[in-house]
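> One file: final.cif (mmCIF, C-alpha atoms and all ligand atoms).
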data_start
#
loop_
_atom_site.label_atom_id
_atom_site.label_comp_id
_atom_site.auth_asym_id
_atom_site.auth_seq_id
_atom_site.Cartn_x
_atom_site.Cartn_y
_atom_site.Cartn_z
CA MET E 16 -189.22 -90.73 -133.91
CA ASP E 17 -189.27 -93.87 -131.79
CA HIS E 18 -189.34 -94.95 -128.15
CA PHE E 19 -185.98 -96.75 -128.02
CA GLU E 20 -183.80 -94.57 -125.80
CA ILE E 21 -180.72 -94.91 -123.64
CA ARG E 22 -181.57 -94.45 -119.95
CA ASP E 23 -179.21 -95.20 -117.08
CA GLY E 24 -176.67 -96.51 -119.57
CA VAL E 25 -179.01 -99.09 -121.14
CA MET E 26 -181.25 -98.99 -124.17
CA HIS E 27 -184.91 -99.10 -123.18
CA ALA E 28 -188.04 -99.79 -125.14
CA GLU E 29 -190.38 -97.29 -123.51
CA LYS E 30 -189.93 -98.06 -119.79
CA ILE E 31 -188.39 -101.52 -120.16
CA SER E 32 -184.66 -102.19 -120.35
CA LEU E 33 -183.66 -104.38 -123.26
CA GLU E 34 -181.18 -106.10 -120.91
CA THR E 35 -184.10 -107.11 -118.71
CA LEU E 36 -185.93 -108.52 -121.70
CA ALA E 37 -182.82 -110.31 -122.97
CA ALA E 38 -182.34 -111.93 -119.58
CA ALA E 39 -185.98 -112.99 -119.49
CA VAL E 40 -186.51 -114.31 -123.02
CA GLY E 41 -182.99 -114.95 -124.30
CA THR E 42 -181.57 -113.64 -127.55
CA PRO E 43 -182.16 -113.14 -130.40
CA PHE E 44 -185.60 -111.59 -130.11
CA TYR E 45 -187.62 -108.86 -131.76
CA CYS E 46 -188.88 -106.08 -129.54
CA TYR E 47 -191.71 -103.75 -130.57
CA SER E 48 -192.73 -100.50 -128.94
CA SER E 49 -196.49 -100.10 -129.01
CA ALA E 50 -196.20 -96.34 -128.32
CA THR E 51 -194.14 -96.00 -131.49
CA ILE E 52 -196.66 -97.96 -133.55
CA GLU E 53 -199.45 -95.80 -132.14
CA ARG E 54 -197.56 -92.60 -132.79
CA HIS E 55 -196.77 -93.48 -136.39
CA TYR E 56 -200.30 -94.58 -137.14
CA ASN E 57 -201.75 -91.43 -135.59
CA VAL E 58 -199.30 -89.16 -137.41
CA PHE E 59 -200.14 -90.78 -140.73
CA ALA E 60 -203.90 -90.87 -140.10
CA ALA E 61 -203.92 -87.22 -139.00
CA ALA E 62 -201.90 -86.19 -142.05
CA VAL E 63 -204.38 -87.74 -144.50
CA ALA E 64 -207.57 -87.00 -142.51
CA GLY E 65 -209.99 -84.93 -144.54
CA LEU E 66 -208.54 -85.86 -147.94
CA GLY E 67 -210.79 -87.18 -150.70
CA ASP E 68 -214.35 -87.56 -149.45
CA GLY E 69 -213.15 -86.67 -145.94
CA ASN E 70 -213.23 -90.25 -144.72
CA PRO E 71 -209.99 -91.90 -145.86
CA LEU E 72 -209.14 -95.49 -144.93
CA VAL E 73 -205.66 -96.22 -143.61
CA ALA E 74 -205.28 -99.93 -144.36
CA PHE E 75 -202.09 -101.17 -142.71
CA ALA E 76 -200.12 -103.44 -145.07
CA VAL E 77 -200.16 -106.58 -142.92
CA LYS E 78 -197.17 -108.08 -144.75
CA ALA E 79 -194.91 -105.54 -143.03
CA ASN E 80 -195.66 -107.03 -139.62
CA PRO E 81 -198.47 -109.56 -139.21
CA ASN E 82 -198.00 -110.17 -135.49
CA LEU E 83 -201.41 -110.47 -133.85
CA SER E 84 -200.62 -107.93 -131.13
CA VAL E 85 -199.26 -105.45 -133.66
CA LEU E 86 -202.48 -105.80 -135.64
CA ALA E 87 -204.59 -105.57 -132.48
CA THR E 88 -202.75 -102.38 -131.47
CA LEU E 89 -203.66 -100.92 -134.84
CA ALA E 90 -207.23 -102.26 -134.68
CA HIS E 91 -207.72 -100.29 -131.44
CA LEU E 92 -206.69 -97.15 -133.27
CA GLY E 93 -209.26 -97.73 -136.01
CA ALA E 94 -206.88 -98.96 -138.70
CA GLY E 95 -207.94 -101.08 -141.61
CA ALA E 96 -205.79 -103.73 -143.25
CA ASP E 97 -204.36 -104.48 -146.66
CA VAL E 98 -203.99 -108.26 -146.89
CA VAL E 99 -202.46 -110.44 -149.59
CA SER E 100 -203.36 -113.97 -148.52
CA SER E 101 -206.06 -115.83 -146.63
CA GLY E 102 -203.51 -116.18 -143.81
CA GLU E 103 -203.19 -112.41 -143.51
CA LEU E 104 -206.97 -112.05 -143.79
CA ALA E 105 -207.45 -114.47 -140.90
CA ARG E 106 -204.91 -112.56 -138.80
CA ALA E 107 -206.49 -109.19 -139.50
CA LEU E 108 -209.93 -110.50 -138.56
CA ALA E 109 -208.58 -112.28 -135.47
CA ALA E 110 -206.95 -109.01 -134.37
CA GLY E 111 -210.32 -107.26 -134.51
CA ILE E 112 -209.96 -105.29 -137.74
CA PRO E 113 -213.50 -105.06 -139.14
CA ALA E 114 -214.04 -106.76 -142.51
CA ASP E 115 -215.36 -103.53 -143.99
CA ARG E 116 -211.92 -102.00 -143.44
CA ILE E 117 -210.05 -104.77 -145.23
CA VAL E 118 -208.68 -104.57 -148.76
CA PHE E 119 -207.36 -107.72 -150.46
CA SER E 120 -204.39 -107.14 -152.80
CA GLY E 121 -202.10 -109.59 -154.59
CA VAL E 122 -201.24 -110.76 -158.06
CA GLY E 123 -202.00 -114.45 -157.51
CA LYS E 124 -205.00 -114.80 -155.25
CA GLN E 125 -206.31 -118.34 -155.31
CA ALA E 126 -209.94 -119.37 -155.55
CA HIS E 127 -210.10 -120.37 -151.88
CA GLU E 128 -208.62 -117.00 -150.89
CA LEU E 129 -211.10 -115.06 -152.99
CA ALA E 130 -213.88 -117.12 -151.43
CA ALA E 131 -212.55 -116.42 -147.92
CA GLY E 132 -212.54 -112.68 -148.61
CA ILE E 133 -216.07 -112.76 -150.01
CA GLU E 134 -217.36 -114.84 -147.08
CA ALA E 135 -215.76 -112.42 -144.62
CA GLY E 136 -217.44 -109.48 -146.36
CA ILE E 137 -214.31 -107.40 -146.96
CA LEU E 138 -214.48 -103.87 -148.35
CA GLN E 139 -212.89 -104.56 -151.72
CA PHE E 140 -210.57 -106.72 -153.77
CA ASN E 141 -207.80 -104.95 -155.65
CA VAL E 142 -207.85 -107.01 -158.80
CA GLU E 143 -204.63 -107.36 -160.76
CA SER E 144 -205.49 -109.24 -163.95
CA GLU E 145 -208.28 -109.94 -166.39
CA ALA E 146 -208.15 -113.61 -165.36
CA GLU E 147 -208.76 -112.63 -161.74
CA ILE E 148 -211.79 -110.55 -162.75
CA VAL E 149 -213.36 -113.58 -164.39
CA MET E 150 -212.42 -115.94 -161.54
CA LEU E 151 -213.74 -113.56 -158.87
CA GLY E 152 -216.92 -112.99 -160.87
CA GLU E 153 -217.54 -116.74 -161.01
CA ILE E 154 -216.87 -117.31 -157.31
CA ALA E 155 -219.05 -114.34 -156.30
CA ALA E 156 -221.84 -115.78 -158.44
CA GLN E 157 -221.47 -119.23 -156.87
CA LEU E 158 -221.63 -117.67 -153.41
CA GLY E 159 -224.50 -115.39 -154.40
CA LYS E 160 -222.67 -112.25 -153.25
CA ILE E 161 -222.08 -108.86 -154.85
CA VAL E 162 -218.40 -107.97 -154.62
CA GLU E 163 -216.79 -104.55 -155.00
CA ILE E 164 -213.47 -104.37 -156.80
CA ALA E 165 -210.83 -101.80 -157.65
CA ILE E 166 -208.66 -102.32 -160.68
CA ARG E 167 -205.01 -102.15 -159.69
CA ILE E 168 -203.23 -100.42 -162.51
CA ASN E 169 -199.67 -100.81 -163.60
CA PRO E 170 -198.83 -97.14 -164.09
CA ALA E 171 -195.49 -97.84 -165.84
CA VAL E 172 -193.47 -95.48 -163.65
CA ASP E 173 -190.00 -95.86 -162.21
CA PRO E 174 -190.43 -95.56 -158.43
CA LYS E 175 -186.67 -95.06 -157.98
CA THR E 176 -186.21 -97.61 -155.25
CA HIS E 177 -184.38 -100.95 -154.92
CA GLY E 178 -185.21 -103.19 -157.90
CA LYS E 179 -186.48 -106.04 -155.73
CA ILE E 180 -189.10 -103.86 -154.05
CA SER E 181 -190.11 -101.82 -157.09
CA THR E 182 -193.57 -102.75 -158.36
CA GLY E 183 -194.66 -99.93 -160.67
CA GLY E 184 -192.49 -100.49 -163.74
CA ALA E 185 -194.15 -101.46 -167.04
CA ASP E 186 -192.60 -104.92 -166.90
CA ALA E 187 -193.44 -105.61 -163.25
CA LYS E 188 -195.85 -108.48 -162.64
CA PHE E 189 -198.25 -106.19 -160.78
CA GLY E 190 -201.51 -104.64 -161.92
CA ILE E 191 -203.20 -104.25 -165.27
CA PRO E 192 -201.39 -101.97 -167.75
CA TRP E 193 -203.11 -98.61 -167.32
CA ASP E 194 -204.13 -98.32 -170.95
CA ARG E 195 -206.17 -101.55 -170.60
CA VAL E 196 -208.27 -100.13 -167.73
CA PRO E 197 -211.33 -99.33 -169.92
CA ALA E 198 -211.37 -102.92 -171.19
CA ALA E 199 -210.95 -104.25 -167.63
CA PHE E 200 -213.93 -102.20 -166.45
CA ALA E 201 -215.98 -103.50 -169.36
CA LEU E 202 -214.97 -107.05 -168.48
CA ALA E 203 -215.93 -106.49 -164.84
CA ALA E 204 -219.27 -104.97 -165.89
CA ALA E 205 -220.00 -108.19 -167.75
CA GLN E 206 -219.72 -110.17 -164.48
CA THR E 207 -223.16 -109.95 -162.86
CA ASN E 208 -221.80 -110.20 -159.32
CA LEU E 209 -218.95 -107.68 -159.57
CA ARG E 210 -219.07 -103.93 -159.12
CA ALA E 211 -215.93 -102.17 -160.35
CA ILE E 212 -215.98 -99.09 -158.12
CA GLY E 213 -212.38 -98.08 -157.85
CA LEU E 214 -208.82 -97.84 -159.03
CA ALA E 215 -205.69 -98.74 -157.13
CA ALA E 216 -201.93 -98.56 -157.46
CA HIS E 217 -198.83 -99.38 -155.44
CA ILE E 218 -195.55 -98.61 -157.14
CA GLY E 219 -192.93 -99.76 -154.67
CA SER E 220 -191.58 -99.66 -151.16
CA GLN E 221 -189.05 -97.51 -149.27
CA LEU E 222 -189.91 -94.64 -151.62
CA THR E 223 -187.85 -91.52 -151.07
CA ASP E 224 -188.99 -89.48 -154.07
CA LEU E 225 -192.63 -88.40 -154.18
CA SER E 226 -192.77 -87.48 -157.87
CA PRO E 227 -193.48 -91.01 -159.20
CA VAL E 228 -196.23 -91.36 -156.57
CA GLU E 229 -197.69 -88.01 -157.59
CA HIS E 230 -197.64 -89.04 -161.22
CA THR E 231 -199.40 -92.30 -160.31
CA ILE E 232 -202.14 -90.67 -158.24
CA ARG E 233 -202.79 -88.19 -161.07
CA ARG E 234 -203.08 -91.14 -163.42
CA LEU E 235 -205.59 -92.82 -161.06
CA GLY E 236 -207.66 -89.63 -161.01
CA ASP E 237 -207.61 -89.25 -164.79
CA LEU E 238 -208.66 -92.87 -165.25
CA ALA E 239 -211.41 -92.54 -162.64
CA GLN E 240 -212.82 -89.53 -164.50
CA GLN E 241 -212.59 -91.40 -167.76
CA MET E 242 -214.43 -94.39 -166.29
CA GLU E 243 -217.15 -92.17 -164.86
CA ALA E 244 -217.57 -90.55 -168.27
CA ALA E 245 -217.99 -94.08 -169.65
CA GLY E 246 -220.87 -94.65 -167.23
CA HIS E 247 -219.15 -96.48 -164.36
CA THR E 248 -219.64 -95.39 -160.75
CA ILE E 249 -216.33 -94.75 -158.98
CA THR E 250 -216.29 -94.39 -155.20
CA ARG E 251 -212.73 -95.22 -154.09
CA ILE E 252 -209.13 -94.56 -155.09
CA ASP E 253 -206.43 -96.64 -153.41
CA CYS E 254 -203.07 -94.84 -153.43
CA GLY E 255 -201.10 -97.85 -152.11
CA GLY E 256 -198.28 -97.65 -149.59
CA GLY E 257 -194.55 -97.31 -149.97
CA LEU E 258 -193.50 -94.24 -148.02
CA GLY E 259 -189.90 -94.78 -146.92
CA VAL E 260 -188.50 -94.52 -143.41
CA PRO E 261 -185.09 -93.29 -142.24
CA TYR E 262 -182.73 -96.25 -141.77
CA ARG E 263 -179.61 -94.15 -141.23
CA ASN E 264 -178.79 -90.62 -140.27
CA ASP E 265 -176.18 -89.91 -142.88
CA VAL E 266 -178.51 -90.03 -145.89
CA PRO E 267 -181.36 -87.56 -146.48
CA ALA E 268 -184.52 -88.62 -144.65
CA PRO E 269 -187.44 -89.77 -146.82
CA PRO E 270 -190.40 -87.39 -147.06
CA SER E 271 -192.45 -87.15 -143.88
CA PRO E 272 -196.11 -88.20 -143.73
CA ALA E 273 -196.94 -84.47 -143.71
CA HIS E 274 -195.03 -83.92 -146.97
CA TYR E 275 -196.63 -86.98 -148.49
CA ALA E 276 -200.10 -85.84 -147.43
CA ALA E 277 -199.48 -82.32 -148.74
CA MET E 278 -198.63 -83.81 -152.13
CA VAL E 279 -201.75 -86.00 -152.07
CA ALA E 280 -203.88 -83.00 -151.03
CA ARG E 281 -202.54 -80.99 -153.95
CA VAL E 282 -203.18 -83.76 -156.48
CA THR E 283 -206.61 -84.72 -155.17
CA THR E 284 -208.10 -81.27 -154.66
CA GLY E 285 -211.77 -81.43 -155.55
CA TRP E 286 -211.94 -85.24 -155.58
CA LYS E 287 -215.07 -86.68 -154.04
CA TRP E 288 -213.85 -90.27 -153.98
CA ARG E 289 -212.85 -92.03 -150.78
CA LEU E 290 -209.09 -92.42 -150.56
CA ILE E 291 -207.37 -95.57 -149.30
CA PHE E 292 -203.75 -95.70 -148.15
CA GLU E 293 -201.76 -98.87 -147.51
CA PRO E 294 -198.74 -97.89 -145.40
CA GLY E 295 -196.72 -100.73 -143.90
CA ARG E 296 -193.10 -99.87 -143.21
CA MET E 297 -193.97 -96.29 -142.24
CA ILE E 298 -196.14 -97.52 -139.36
CA VAL E 299 -193.96 -100.29 -137.91
CA GLY E 300 -190.41 -99.91 -139.25
CA ASN E 301 -188.97 -97.78 -136.48
CA ALA E 302 -191.17 -99.48 -133.89
CA GLY E 303 -189.06 -102.62 -133.78
CA VAL E 304 -185.50 -103.75 -133.07
CA LEU E 305 -183.81 -107.13 -133.24
CA VAL E 306 -181.76 -107.77 -130.09
CA SER E 307 -178.79 -110.08 -130.39
CA THR E 308 -175.78 -111.17 -128.32
CA VAL E 309 -172.19 -111.13 -129.55
CA ILE E 310 -170.96 -114.75 -129.53
CA LEU E 311 -167.33 -113.91 -130.24
CA THR E 312 -165.05 -111.62 -132.16
CA LYS E 313 -162.35 -112.85 -134.52
CA GLU E 314 -159.66 -111.40 -136.71
CA GLY E 315 -159.64 -112.36 -140.39
CA ALA E 316 -156.78 -111.61 -142.78
CA SER E 317 -157.83 -107.99 -142.85
CA LYS E 318 -161.22 -107.84 -141.20
CA HIS E 319 -162.42 -107.62 -137.63
CA PHE E 320 -165.47 -109.90 -137.39
CA VAL E 321 -168.19 -109.62 -134.80
CA VAL E 322 -170.15 -112.89 -134.80
CA VAL E 323 -173.60 -112.50 -133.28
CA ASP E 324 -176.37 -114.94 -132.42
CA ALA E 325 -178.84 -113.42 -134.90
CA ALA E 326 -178.47 -114.37 -138.53
CA MET E 327 -179.82 -113.78 -142.02
CA ASN E 328 -182.69 -116.17 -141.32
CA ASP E 329 -183.88 -113.83 -138.54
CA LEU E 330 -183.42 -110.54 -140.42
CA LEU E 331 -183.07 -111.11 -144.15
CA ARG E 332 -183.05 -107.54 -145.40
CA PRO E 333 -179.27 -106.94 -145.34
CA SER E 334 -178.60 -110.15 -147.29
CA LEU E 335 -181.47 -109.77 -149.71
CA TYR E 336 -181.41 -106.05 -150.45
CA ASN E 337 -178.08 -104.91 -149.06
CA ALA E 338 -180.28 -103.02 -146.62
CA TRP E 339 -178.71 -100.91 -143.90
CA HIS E 340 -179.81 -101.38 -140.29
CA ASP E 341 -178.08 -99.27 -137.68
CA ILE E 342 -176.29 -101.41 -135.09
CA LYS E 343 -176.17 -100.09 -131.54
CA ALA E 344 -174.82 -101.54 -128.33
CA ILE E 345 -177.54 -102.00 -125.72
CA ARG E 346 -175.00 -100.52 -123.26
CA PRO E 347 -173.45 -97.61 -125.20
CA GLN E 348 -169.67 -97.69 -125.47
CA GLU E 349 -167.13 -94.94 -125.98
CA THR E 350 -164.62 -96.90 -128.04
CA ARG E 351 -165.39 -97.71 -131.65
CA VAL E 352 -164.07 -100.20 -134.14
CA VAL E 353 -164.48 -100.96 -137.84
CA ALA E 354 -166.20 -104.33 -137.87
CA THR E 355 -167.93 -106.78 -140.16
CA VAL E 356 -170.98 -108.02 -138.31
CA VAL E 357 -172.03 -111.54 -139.25
CA GLY E 358 -174.32 -114.31 -138.08
CA PRO E 359 -173.46 -117.98 -137.55
CA ILE E 360 -175.04 -119.25 -140.81
CA CYS E 361 -172.78 -121.07 -143.22
CA GLU E 362 -172.75 -118.64 -146.10
CA THR E 363 -171.03 -115.36 -146.71
CA GLY E 364 -174.34 -113.64 -147.41
CA ASP E 365 -175.03 -113.93 -143.68
CA THR E 366 -173.56 -110.47 -143.17
CA PHE E 367 -175.38 -107.61 -141.45
CA ALA E 368 -172.76 -104.93 -142.02
CA GLU E 369 -169.45 -104.83 -143.79
CA ASP E 370 -166.51 -102.80 -142.48
CA ARG E 371 -168.82 -100.60 -140.44
CA ASP E 372 -167.77 -98.16 -137.75
CA ILE E 373 -169.60 -99.47 -134.67
CA GLU E 374 -169.12 -99.49 -130.92
CA ALA E 375 -166.34 -101.90 -129.89
CA VAL E 376 -168.56 -104.72 -128.68
CA THR E 377 -167.08 -108.02 -127.50
CA ALA E 378 -168.34 -111.49 -126.52
CA GLY E 379 -171.42 -111.32 -124.33
CA ASP E 380 -172.34 -107.75 -125.23
CA ARG E 381 -175.80 -107.17 -126.57
CA ILE E 382 -176.60 -105.19 -129.67
CA ALA E 383 -179.75 -104.00 -131.39
CA PHE E 384 -180.42 -103.92 -135.10
CA MET E 385 -182.54 -100.82 -135.38
CA THR E 386 -185.59 -100.18 -137.59
CA ALA E 387 -186.36 -103.88 -137.80
CA GLY E 388 -190.10 -103.68 -137.11
CA ALA E 389 -191.08 -103.91 -140.78
CA TYR E 390 -190.25 -106.94 -142.93
CA GLY E 391 -188.17 -108.37 -140.08
CA ALA E 392 -189.72 -111.27 -138.16
CA THR E 393 -192.21 -111.84 -140.94
CA MET E 394 -189.48 -112.67 -143.47
CA ALA E 395 -187.65 -115.01 -141.10
CA SER E 396 -187.01 -118.63 -141.96
CA THR E 397 -185.64 -121.64 -140.13
CA TYR E 398 -182.56 -121.99 -142.37
CA ASN E 399 -179.78 -123.96 -140.66
CA SER E 400 -182.57 -125.40 -138.48
CA ARG E 401 -182.58 -122.23 -136.44
CA PRO E 402 -185.84 -121.72 -134.53
CA LEU E 403 -187.92 -118.63 -135.31
CA VAL E 404 -187.14 -116.06 -132.64
CA PRO E 405 -189.69 -114.64 -130.19
CA GLU E 406 -191.35 -111.27 -130.57
CA VAL E 407 -191.89 -109.12 -127.50
CA MET E 408 -194.13 -106.08 -127.28
CA VAL E 409 -193.58 -103.31 -124.77
CA HIS E 410 -196.36 -101.01 -123.63
CA GLY E 411 -195.12 -98.44 -121.11
CA ASP E 412 -193.89 -100.50 -118.18
CA LEU E 413 -195.63 -103.66 -119.41
CA TRP E 414 -194.21 -106.25 -121.75
CA SER E 415 -195.42 -109.48 -123.24
CA ILE E 416 -194.10 -112.25 -125.47
CA VAL E 417 -196.38 -111.77 -128.47
CA SER E 418 -194.87 -114.61 -130.50
CA GLU E 419 -193.15 -117.60 -128.91
CA ARG E 420 -189.73 -118.91 -129.83
CA ASN E 421 -190.00 -122.00 -132.00
CA GLN E 422 -188.72 -125.07 -130.24
CA PRO E 423 -186.30 -127.37 -132.11
CA ALA E 424 -188.30 -130.43 -131.07
CA ALA E 425 -191.51 -128.89 -132.38
CA MET E 426 -189.80 -128.06 -135.67
CA LEU E 427 -188.49 -131.61 -135.96
CA ALA E 428 -191.95 -132.97 -135.17
CA LEU E 429 -193.30 -131.39 -138.39
CA ASP E 430 -191.13 -133.74 -140.43
CA ASN E 431 -192.16 -137.32 -141.10
CA ARG E 432 -189.85 -140.24 -141.57
CA ALA E 433 -190.94 -141.77 -144.90
CA PRO E 434 -192.35 -145.25 -144.32
CA TRP E 435 -189.51 -146.97 -146.23
CA LEU E 436 -186.83 -145.43 -143.98
N1 LIG T 501 -199.57 -102.27 -150.63
C1 LIG T 501 -199.12 -103.24 -151.46
C2 LIG T 501 -199.99 -103.73 -152.51
C3 LIG T 501 -197.81 -103.76 -151.28
O1 LIG T 501 -197.39 -104.71 -152.11
C4 LIG T 501 -196.99 -103.25 -150.25
C5 LIG T 501 -195.64 -103.77 -150.04
C6 LIG T 501 -197.52 -102.26 -149.40
C7 LIG T 501 -198.80 -101.78 -149.64
C8 LIG T 501 -196.75 -101.69 -148.25
O2 LIG T 501 -195.59 -101.05 -148.63
P1 LIG T 501 -194.76 -100.23 -147.53
O3 LIG T 501 -195.61 -99.06 -147.09
O4 LIG T 501 -194.48 -101.14 -146.41
O5 LIG T 501 -193.54 -99.81 -148.24
N2 LIG T 501 -189.65 -106.94 -148.04
C9 LIG T 501 -189.32 -105.63 -148.57
C10 LIG T 501 -190.54 -104.78 -148.81
C11 LIG T 501 -191.57 -105.42 -149.72
C12 LIG T 501 -192.81 -104.59 -149.91
C13 LIG T 501 -193.86 -105.34 -150.64
N3 LIG T 501 -195.10 -104.64 -150.81
C14 LIG T 501 -188.33 -104.95 -147.63
O6 LIG T 501 -187.93 -105.58 -146.63
O7 LIG T 501 -187.89 -103.84 -147.89
#
Would you kindly transcribe this structure into structure tokens?


Amino acid sequence: MDHFEIRDGVMHAEKISLETLAAAVGTPFYCYSSATIERHYNVFAAAVAGLGDGNPLVAFAVKANPNLSVLATLAHLGAGADVVSSGELARALAAGIPADRIVFSGVGKQAHELAAGIEAGILQFNVESEAEIVMLGEIAAQLGKIVEIAIRINPAVDPKTHGKISTGGADAKFGIPWDRVPAAFALAAAQTNLRAIGLAAHIGSQLTDLSPVEHTIRRLGDLAQQMEAAGHTITRIDCGGGLGVPYRNDVPAPPSPAHYAAMVARVTTGWKWRLIFEPGRMIVGNAGVLVSTVILTKEGASKHFVVVDAAMNDLLRPSLYNAWHDIKAIRPQETRVVATVVGPICETGDTFAEDRDIEAVTAGDRIAFMTAGAYGATMASTYNSRPLVPEVMVHGDLWSIVSERNQPAAMLALDNRAPWL
């Protein structure tokens, strides 16, 4: 469910026509619907309300969309944040997400990042290695602070998603192998300034099958009981994120938040621990589109190419994961064509869709890549010296440029001419 609808022959984001926005800001640009973000957050939060100790924390995975206004929209709704760098931490705090709702994840946190999290007074660090336990213990001691940690386990499950976004397999770089959890708790207990109070897991993204998640949450519960029996005090279980979103209509939809929550409720019946969830894509995926203009069409030996002004540097997912994003004309068209939709970048990987049945758009027409709100703008680069594109947020009949278009001169100004040149 989203708020991108055709009205009067034009796609609108809430009450604003995407043609109006394109004329005002130029293409390509990302457009977010704040009503859709709000709806998805509220649906998820309502689905998990009452689970665990009755006070779950929904910590939005900032990596999915770190735009300040996106985070501020979520802050207003009471969301927490899952951050993985000091940059994301700074954004979450700047957006008004309280430190005691922030969880810090990541396999390679650096000393200055750990220190930033401690100084900010975040809720917990999800620690992913024995080395990190020692490093965090030392920094906490230097700063004279007591720090709460959860041990992120590697549950050794196959999350059945794309290999590049799967994180739960035994050989993944993430977490501490689950059978080393007792030793990790003992190591943490030996650090005077650490309190190991929880367990965490995140097995992958765009999950469409709940059984590996169920298995993982059961494992977290078993380990938590085991650690309590060993004398540790457990207060929180972090179930991670990963719930998939529908990218196309012709494949079965991923489980809904209600289905997900029903599974969690079943597995966690009787638990007294506070539950943490880290949804990213589920909150923002369908809340964003990338709007682009067709530059030209051309006929190859056997292919009909539609060349658009967005490229793989703006939306990397099709190139990187073969991901599918629906392509819709901003002004719907009756006639259709089988087209290969490409950007202007000088490599074949700059392809959004291959031999896809789409509306018969031609030069000057505008199109939208749907479901681009998660892992879209945030994964953009300036490859081919293309400026980062603006992000626009719509709120009813209001809109605002929430991230400016990079200017070529400003990009060039970051480079220095070496003194010998
Ligand atoms: N928590 C942790 C520790 C994570 O690593 C992630 C995502 C999440 C939560 C949120 O997962 P979500 O609910 O959004 O699935 N760039 C890829 C996705 C990478 C996900 C990385 N970790 C893509 O475009 O599909």

> Around ligand LIG 501 (chain T), at most 6 Å away and counting only C-alpha atoms and all ligand atoms, which residues are there? Put them as a PDB file with C-alpha atoms, keeping the file's coordinate frame, please.


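Done, and the output landed in selection-v6.pdb:
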ATOM      1  CA  ALA E  76    -200.120-103.440-145.070  1.00  0.00           C
ATOM      2  CA  ALA E  79    -194.910-105.540-143.030  1.00  0.00           C
ATOM      3  CA  SER E 120    -204.390-107.140-152.800  1.00  0.00           C
ATOM      4  CA  ILE E 180    -189.100-103.860-154.050  1.00  0.00           C
ATOM      5  CA  HIS E 217    -198.830 -99.380-155.440  1.00  0.00           C
ATOM      6  CA  SER E 220    -191.580 -99.660-151.160  1.00  0.00           C
ATOM      7  CA  GLN E 221    -189.050 -97.510-149.270  1.00  0.00           C
ATOM      8  CA  GLY E 255    -201.100 -97.850-152.110  1.00  0.00           C
ATOM      9  CA  GLY E 256    -198.280 -97.650-149.590  1.00  0.00           C
ATOM     10  CA  GLY E 257    -194.550 -97.310-149.970  1.00  0.00           C
ATOM     11  CA  LEU E 258    -193.500 -94.240-148.020  1.00  0.00           C
ATOM     12  CA  GLU E 293    -201.760 -98.870-147.510  1.00  0.00           C
ATOM     13  CA  PRO E 294    -198.740 -97.890-145.400  1.00  0.00           C
ATOM     14  CA  GLY E 295    -196.720-100.730-143.900  1.00  0.00           C
ATOM     15  CA  ARG E 296    -193.100 -99.870-143.210  1.00  0.00           C
ATOM     16  CA  MET E 297    -193.970 -96.290-142.240  1.00  0.00           C
ATOM     17  CA  ARG E 332    -183.050-107.540-145.400  1.00  0.00           C
ATOM     18  CA  TYR E 390    -190.250-106.940-142.930  1.00  0.00           C
TER      19      TYR E 390
END

> Identify which of the residues E:Gly178, E:Leu311, E:Thr397, E:Gly391 lies closest to Val356 of chain E, counting all atoms listed in the file when measuring atom-to-atom distances.

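Among E:Gly178, E:Leu311, E:Thr397, E:Gly391, it is E:Leu311 that comes nearest to Val356 of chain E.
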
> Compile the contact shell of Lys343 of chain E as a ChimeraX atom specification: residues with an atom at most 8 Å away, counting only C-alpha atoms, same-chain residues fewer than 5 positions apart removed.

/E:373-374,382-385

> Closest to Leu158 of chain E among E:Val352, E:Leu129, E:Ala425, E:Met26, using all atoms listed in the file?

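The shortest atom-to-atom distance to Leu158 of chain E comes from E:Leu129.
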
> Can you list, as a ChimeraX atom specification, every protein, DNA or RNA residue that comes within 10 Å of Gln139 of chain E when you count all atoms listed in the file, leaving out same-chain residues fewer than 6 positions away?

/E:97,114-120,132-133,162-165,210-213,251

> Using all atoms of segment 355-364 of chain E listed in the file and a margin of 8 Å per side, can you give the axis-aligned box centre and edge lengths in Å to one decimal, as lines of an AutoDock Vina configuration file?


center_x = -171.5
center_y = -113.9
center_z = -142.5
size_x = 23.1
size_y = 30.3
size_z = 25.9

> Enter the distance from atom CA of Tyr275 of chain E to atom CA of Asn169 of chain E, in Å, rounded to one decimal.

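Taking atom CA of Tyr275 of chain E as the start and atom CA of Asn169 of chain E as the end point, the length is 20.7 Å.
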
> I need the residue nearest Val77 of chain E from this list: E:Pro434, E:Glu103, E:Ala39, E:Gly93. Use all atoms listed in the file for the distance.

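Of E:Pro434, E:Glu103, E:Ala39, E:Gly93, the one nearest Val77 of chain E, counting all atoms listed in the file, is E:Glu103.
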
> Counting all atoms listed in the file, which of E:Glu362, E:Glu145, E:Asp370, E:Glu153 gets nearest to Phe320 of chain E?

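Looking only at the distances to Phe320 of chain E, the closest residue turns out to be E:Asp370.
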